[in-house]
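File shown: start-v9.csv (CSV, C-alpha atoms).
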```csv
chain,number,residue,atom,x,y,z
A,1049,THR,CA,394.3,150.2,61.7
A,1050,THR,CA,397.6,148.6,61.6
A,1051,ARG,CA,400.2,150.9,60.1
A,1052,ARG,CA,403.5,150.1,58.6
A,1053,PRO,CA,406.3,152.6,58.0
A,1054,VAL,CA,407.5,154.6,55.0
A,1055,CYS,CA,410.9,155.5,56.3
A,1056,ARG,CA,413.6,158.1,55.6
A,1057,HIS,CA,417.0,157.9,57.4
A,1058,GLY,CA,420.3,159.7,57.3
A,1059,THR,CA,422.6,159.8,54.3
A,1060,GLU,CA,424.6,162.4,52.4
A,1061,THR,CA,423.8,161.1,48.9
A,1062,LEU,CA,420.5,162.9,48.7
A,1063,GLN,CA,421.9,166.2,50.2
A,1064,SER,CA,420.0,166.0,53.4
A,1065,GLN,CA,419.9,164.4,56.8
A,1066,ALA,CA,417.7,161.6,55.5
A,1067,GLU,CA,417.1,159.3,52.6
A,1068,ALA,CA,413.7,158.2,51.5
A,1069,ALA,CA,413.1,154.5,51.8
A,1070,THR,CA,410.1,152.4,52.6
A,1071,ALA,CA,410.1,149.8,55.4
A,1072,PHE,CA,406.9,148.2,54.2
A,1073,GLN,CA,407.7,144.6,55.1
A,1074,ALA,CA,406.3,144.1,58.6
A,1075,TRP,CA,408.9,142.7,61.0
A,1076,GLY,CA,411.6,142.9,58.4
A,1077,THR,CA,415.2,143.8,59.3
A,1078,ILE,CA,414.8,147.5,58.8
A,1079,TRP,CA,411.5,147.8,60.5
A,1080,ALA,CA,412.7,145.7,63.5
A,1081,TYR,CA,415.8,147.9,63.8
A,1082,LEU,CA,413.9,151.2,63.6
A,1083,TYR,CA,411.1,150.0,65.9
A,1084,CYS,CA,413.6,149.1,68.6
A,1085,SER,CA,415.9,152.1,68.0
A,1086,ALA,CA,415.7,155.1,70.3
A,1087,ARG,CA,417.1,157.1,67.4
A,1088,ALA,CA,413.9,156.6,65.3
A,1089,PHE,CA,411.3,159.4,65.2
A,1090,PHE,CA,407.9,158.2,63.9
A,1091,PHE,CA,405.3,160.5,62.5
A,1092,SER,CA,402.4,160.5,60.0
A,1093,THR,CA,399.7,162.7,58.6
A,1094,ASP,CA,396.5,162.1,56.6
A,1095,LEU,CA,397.7,164.0,53.6
A,1096,GLN,CA,398.3,160.9,51.5
A,1097,GLU,CA,394.6,160.0,52.1
A,1098,GLN,CA,393.2,163.4,51.0
A,1099,TYR,CA,392.1,162.5,47.6
A,1100,TYR,CA,388.4,162.4,46.9
A,1101,PRO,CA,387.6,160.0,44.0
A,1102,PHE,CA,385.0,160.3,41.3
A,1103,ALA,CA,384.8,156.6,40.7
A,1104,GLU,CA,387.7,154.0,41.1
A,1105,ASP,CA,390.4,156.6,40.8
A,1106,PHE,CA,392.6,157.2,43.9
A,1107,GLY,CA,395.1,159.8,43.1
A,1108,PRO,CA,397.5,161.4,42.8
A,1109,VAL,CA,396.8,163.9,45.5
A,1110,ASN,CA,396.8,167.5,44.3
A,1111,ILE,CA,399.6,170.1,44.2
A,1112,GLY,CA,398.2,171.8,47.4
A,1113,ILE,CA,398.7,168.6,49.3
A,1114,VAL,CA,402.2,168.2,47.8
A,1115,ALA,CA,403.1,171.7,49.1
A,1116,GLU,CA,401.7,171.0,52.5
A,1117,PHE,CA,403.5,167.7,52.7
A,1118,CYS,CA,406.9,169.2,51.7
A,1119,LYS,CA,406.3,172.0,54.3
A,1120,THR,CA,405.6,169.4,57.0
A,1121,LEU,CA,408.5,167.1,56.3
A,1122,ARG,CA,410.8,170.1,55.9
A,1123,ALA,CA,409.9,171.3,59.4
A,1124,LYS,CA,410.8,167.8,60.8
A,1125,MET,CA,414.1,167.8,58.9
A,1126,GLU,CA,415.1,171.2,60.1
A,1127,ASP,CA,414.1,170.6,63.7
A,1128,PRO,CA,417.3,170.7,65.7
A,1129,ARG,CA,415.9,168.2,68.2
A,1130,LEU,CA,415.8,165.5,65.4
A,1131,ASN,CA,419.3,166.1,64.0
A,1132,GLN,CA,420.6,162.8,65.3
A,1133,ARG,CA,417.5,160.8,64.8
A,1134,HIS,CA,416.1,158.7,61.9
A,1135,ILE,CA,412.8,160.2,60.6
A,1136,VAL,CA,410.2,157.5,59.8
A,1137,TYR,CA,407.1,158.5,57.9
A,1138,TYR,CA,404.5,155.7,58.1
A,1139,CYS,CA,401.1,155.0,56.5
A,1140,THR,CA,398.5,152.3,56.1
A,1141,HIS,CA,399.6,149.4,54.0
A,1142,ASP,CA,396.9,149.4,51.3
A,1143,ALA,CA,398.2,149.9,47.8
A,1144,GLU,CA,396.4,153.2,47.1
A,1145,THR,CA,397.6,154.9,50.2
A,1146,VAL,CA,401.2,153.6,49.8
A,1147,THR,CA,401.3,154.8,46.2
A,1148,ASN,CA,400.2,158.3,47.2
A,1149,THR,CA,402.7,158.3,50.0
A,1150,VAL,CA,405.6,157.3,47.7
A,1151,PHE,CA,404.5,160.0,45.4
A,1152,LEU,CA,404.6,162.6,48.2
A,1153,LEU,CA,408.0,161.4,49.4
A,1154,ALA,CA,409.4,161.4,45.9
A,1155,ALA,CA,408.0,164.9,45.3
A,1156,TYR,CA,409.8,166.0,48.5
A,1157,LEU,CA,413.1,164.5,47.3
A,1158,MET,CA,412.8,166.2,43.9
A,1159,LEU,CA,411.4,169.6,45.0
A,1160,ASP,CA,413.2,170.1,48.3
A,1161,GLN,CA,416.4,168.0,48.0
A,1162,GLY,CA,417.2,168.5,44.3
A,1163,SER,CA,417.0,164.8,43.3
A,1164,SER,CA,416.2,164.0,39.7
A,1165,PRO,CA,412.8,162.3,39.0
A,1166,ASN,CA,414.7,159.0,38.4
A,1167,SER,CA,416.7,159.2,41.6
A,1168,ALA,CA,413.6,160.2,43.6
A,1169,VAL,CA,411.6,157.2,42.5
A,1170,GLU,CA,414.4,154.8,42.5
A,1171,ALA,CA,415.0,155.5,46.2
A,1172,PHE,CA,412.1,153.0,46.8
A,1173,SER,CA,413.2,150.3,44.4
A,1174,CYS,CA,415.1,148.4,47.0
A,1175,PHE,CA,411.8,147.3,48.4
A,1176,PRO,CA,410.3,145.0,45.7
A,1177,ALA,CA,407.3,144.1,47.8
A,1178,LEU,CA,406.2,147.7,48.0
A,1179,PRO,CA,402.6,147.8,46.5
A,1180,VAL,CA,403.0,150.8,44.3
A,1181,ILE,CA,400.4,150.7,41.5
A,1182,PRO,CA,399.6,153.0,38.5
A,1183,PHE,CA,397.2,155.8,39.0
A,1184,ARG,CA,394.0,155.5,37.0
A,1185,ASP,CA,391.3,157.9,35.6
A,1186,ILE,CA,387.6,157.6,36.3
A,1187,HIS,CA,386.7,155.5,33.3
A,1188,ASN,CA,386.5,151.7,33.4
A,1189,HIS,CA,388.7,151.4,30.3
A,1190,GLN,CA,392.3,152.4,31.1
A,1191,ASP,CA,394.4,153.6,28.1
A,1192,PHE,CA,397.4,154.9,30.0
A,1193,PRO,CA,398.7,153.7,33.4
A,1194,LEU,CA,400.0,156.9,35.1
A,1195,SER,CA,403.0,156.0,37.2
A,1196,VAL,CA,404.6,157.8,40.2
A,1197,HIS,CA,407.5,158.5,37.9
A,1198,ASN,CA,405.3,160.2,35.3
A,1199,CYS,CA,403.9,162.5,38.1
A,1200,ILE,CA,407.3,163.4,39.4
A,1201,ARG,CA,408.5,164.3,35.9
A,1202,CYS,CA,405.4,166.5,35.5
A,1203,LEU,CA,406.3,168.3,38.8
A,1204,GLN,CA,409.8,168.8,37.5
A,1205,ARG,CA,408.5,170.3,34.3
A,1206,ALA,CA,406.2,172.7,36.2
A,1207,GLU,CA,409.2,173.7,38.4
A,1208,LYS,CA,411.4,174.4,35.4
A,1209,CYS,CA,408.6,176.5,33.9
A,1210,GLY,CA,408.5,178.6,37.0
A,1211,TRP,CA,404.9,177.6,37.8
A,1212,LEU,CA,405.7,176.6,41.4
A,1213,SER,CA,407.9,179.6,42.3
A,1214,ASN,CA,405.0,181.7,43.7
A,1215,PHE,CA,402.6,178.8,44.5
A,1216,SER,CA,400.4,179.5,47.5
A,1217,ALA,CA,398.8,176.4,49.1
A,1218,GLU,CA,396.4,178.7,51.0
A,1219,GLN,CA,395.1,180.3,47.8
A,1220,TYR,CA,394.9,176.9,46.1
A,1221,PHE,CA,392.7,175.5,48.8
A,1222,GLU,CA,390.5,178.6,49.0
A,1223,LEU,CA,389.8,178.6,45.3
A,1224,GLU,CA,389.4,174.8,45.3
A,1225,ALA,CA,386.4,175.0,47.7
A,1226,PRO,CA,383.0,174.5,45.9
A,1227,ALA,CA,381.7,177.6,47.5
A,1228,ASN,CA,384.5,179.6,45.8
A,1229,GLY,CA,383.9,178.1,42.4
A,1230,ASP,CA,386.1,175.0,42.5
A,1231,ALA,CA,388.7,176.9,40.4
A,1232,HIS,CA,392.2,175.6,39.7
A,1233,ILE,CA,395.1,177.6,38.2
A,1234,MET,CA,396.5,175.0,36.0
A,1235,CYS,CA,399.3,177.3,34.7
A,1236,PRO,CA,399.7,181.1,34.5
A,1237,LYS,CA,397.6,181.2,31.3
A,1238,PHE,CA,394.9,178.5,32.0
A,1239,VAL,CA,392.3,178.5,34.8
A,1240,ALA,CA,389.8,175.6,35.2
A,1241,PHE,CA,386.4,176.3,36.8
A,1242,ARG,CA,383.3,174.4,37.8
A,1243,GLY,CA,381.2,176.6,35.6
A,1244,PRO,CA,381.2,179.6,35.8
A,1245,ASP,CA,377.5,180.0,34.9
A,1246,GLN,CA,376.5,183.4,33.5
A,1247,ARG,CA,372.8,182.7,34.2
A,1248,ILE,CA,372.7,181.8,37.9
A,1249,ALA,CA,374.8,182.0,41.0
A,1250,SER,CA,374.8,178.9,43.2
A,1251,GLU,CA,377.1,177.1,45.5
A,1252,LEU,CA,378.6,175.2,42.6
A,1253,ALA,CA,378.3,177.5,39.6
A,1254,HIS,CA,379.0,181.2,40.2
A,1255,HIS,CA,378.5,184.2,37.9
A,1256,LEU,CA,381.6,185.1,36.0
A,1257,LYS,CA,381.9,188.5,37.7
A,1258,LYS,CA,382.7,186.7,40.9
A,1259,PHE,CA,386.2,185.9,39.6
A,1260,VAL,CA,387.1,189.2,38.0
A,1261,ASP,CA,388.8,190.5,41.1
A,1262,THR,CA,390.6,187.2,41.7
A,1263,PHE,CA,392.1,186.8,38.3
```
Translate this structure into structure tokens?
Amino acid sequence: TTRRPVCRHGTETLQSQAEAATAFQAWGTIWAYLYCSARAFFFSTDLQEQYYPFAEDFGPVNIGIVAEFCKTLRAKMEDPRLNQRHIVYYCTHDAETVTNTVFLLAAYLMLDQGSSPNSAVEAFSCFPALPVIPFRDIHNHQDFPLSVHNCIRCLQRAEKCGWLSNFSAEQYFELEAPANGDAHIMCPKFVAFRGPDQRIASELAHHLKKFVDTF
């Protein structure tokens, strides 16, 4: 699959070695420069593609993926071998994947670099051809187009409430597994389950006592 880059390169304005930008336009000036530059370091993951839809929904990816992405990008940013190189994160060019990628990069800017939600999202505004589209729910009728900016503001709210301070991606993915109840800690006082079912124990609906020790 042909991939086109979502790029971050050096600047002081975002308090880091790099600034989030998206070189989506194939063979454009930025893409051509980075492609030919020995100072560019290209990498990608499949994290922006790890959303499992119920219908025509496509994201956003969950908070566990956000944490894993920030950890991965942070490691690249702190790698002394890359101090003098542009870091280019690339993805496939379909709108759904690009939108999730922009969400992850904006989340990194806000959570790791201290950017405001507005600044984090506006970092991509210089590329008007970028196919960022609203997230949608599983219903055919859409009452509210959920934007990347909406999602970043929600992350900021969660951060201000302290809900992310002790977040464990490892625990999140363990509880998320259907075999473990498909449980999600939405906030310190609210846990969502698939079930639990008091009558039976199955792969998808566990007895309530299974979760007593966990919570």
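Of the residues listed (A:Glu1218, A:Asp1185, A:Glu1144, A:Glu1097), A:Glu1218 shows the shortest atom-to-atom separation from Glu1116 in chain A; distances use only C-alpha atoms.
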Practice problem: Choose the residue, out of A:Tyr1138, A:Phe1102, A:Trp1211, A:Phe1259, that has the smallest atom-to-atom separation from Lys1237 in chain A; count all atoms listed in the file. | Solution: A:Trp1211
Residues near Asp1105 in chain A, cut-off 7 Å, all atoms listed in the file, skip fewer than 2 positions along chain, as a short mmCIF file (atom, residue, chain, number, x, y, z; two decimals) with C-alpha atoms, keeping the file's coordinate frame:
```cif
data_model
loop_
_atom_site.label_atom_id
_atom_site.label_comp_id
_atom_site.auth_asym_id
_atom_site.auth_seq_id
_atom_site.Cartn_x
_atom_site.Cartn_y
_atom_site.Cartn_z
CA PRO A 1101 387.60 160.00 44.00
CA PHE A 1102 385.00 160.30 41.30
CA ALA A 1103 384.80 156.60 40.70
CA GLY A 1107 395.10 159.80 43.10
CA ARG A 1184 394.00 155.50 37.00
CA ASP A 1185 391.30 157.90 35.60
CA ILE A 1186 387.60 157.60 36.30
#
```
Quiz item: Which distance in Å separates CA of Ala1168 in chain A and CA of Ala1155 in chain A, to one decimal?
Solution: 7.5 Å
Self-check item: Which of A:Asn1188, A:Val1109, A:His1197, A:Met1125 sits closest to Ala1171 in chain A [using only C-alpha atoms]
Solution: A:His1197
Quiz item: With distances taken over all atoms listed in the file, which of A:Phe1241, A:Tyr1156, A:Phe1089, A:Phe1172 is nearest to Val1136 in chain A?
Solution: A:Phe1089
Determine, counting only C-alpha atoms, which protein, DNA and RNA residues have an atom within 10 Å of an atom of Cys1235 in chain A; residues of the same chain fewer than 6 positions away are not included. Present the result as a PDB file with C-alpha atoms, in the frame of the given file.
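Result saved to out.pdb:
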```pdb
ATOM      1  CA  ALA A1206     406.200 172.700  36.200  1.00  0.00           C
ATOM      2  CA  CYS A1209     408.600 176.500  33.900  1.00  0.00           C
ATOM      3  CA  GLY A1210     408.500 178.600  37.000  1.00  0.00           C
ATOM      4  CA  TRP A1211     404.900 177.600  37.800  1.00  0.00           C
ATOM      5  CA  LEU A1212     405.700 176.600  41.400  1.00  0.00           C
TER       6      LEU A1212
END
```
Quiz prompt | Long-range neighbours of Ser1216 in chain A as a ChimeraX atom specification, 9 Å cut-off, only C-alpha atoms, 4 positions minimum in chain | solution = /A:1112,1115,1212,1220-1221
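Within the 8 Å cut-off around Ile1181 in chain A, using only C-alpha atoms and omitting residues fewer than 3 positions from it on the same chain, the listed residues are Ala1143, Glu1144, Thr1147 and Ser1195 of chain A.
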Selection to disk with C-alpha atoms, as a PDB file, in the frame of the given file:
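Result file is out_21.pdb:
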```pdb
ATOM      1  CA  ALA A1143     398.200 149.900  47.800  1.00  0.00           C
ATOM      2  CA  GLU A1144     396.400 153.200  47.100  1.00  0.00           C
ATOM      3  CA  THR A1147     401.300 154.800  46.200  1.00  0.00           C
ATOM      4  CA  SER A1195     403.000 156.000  37.200  1.00  0.00           C
TER       5      SER A1195
END
```
Quiz prompt | Counting only C-alpha atoms, the residue of A:Pro1236, A:Pro1179, A:Pro1226, A:Gly1162 that sits nearest Thr1140 in chain A | solution = A:Pro1179
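Between CA of Glu1104 in chain A and CA of Ile1233 in chain A there is a distance of 24.9 Å.
Between CA of Pro1176 in chain A and CA of Phe1090 in chain A the interatomic distance comes to 22.6 Å.
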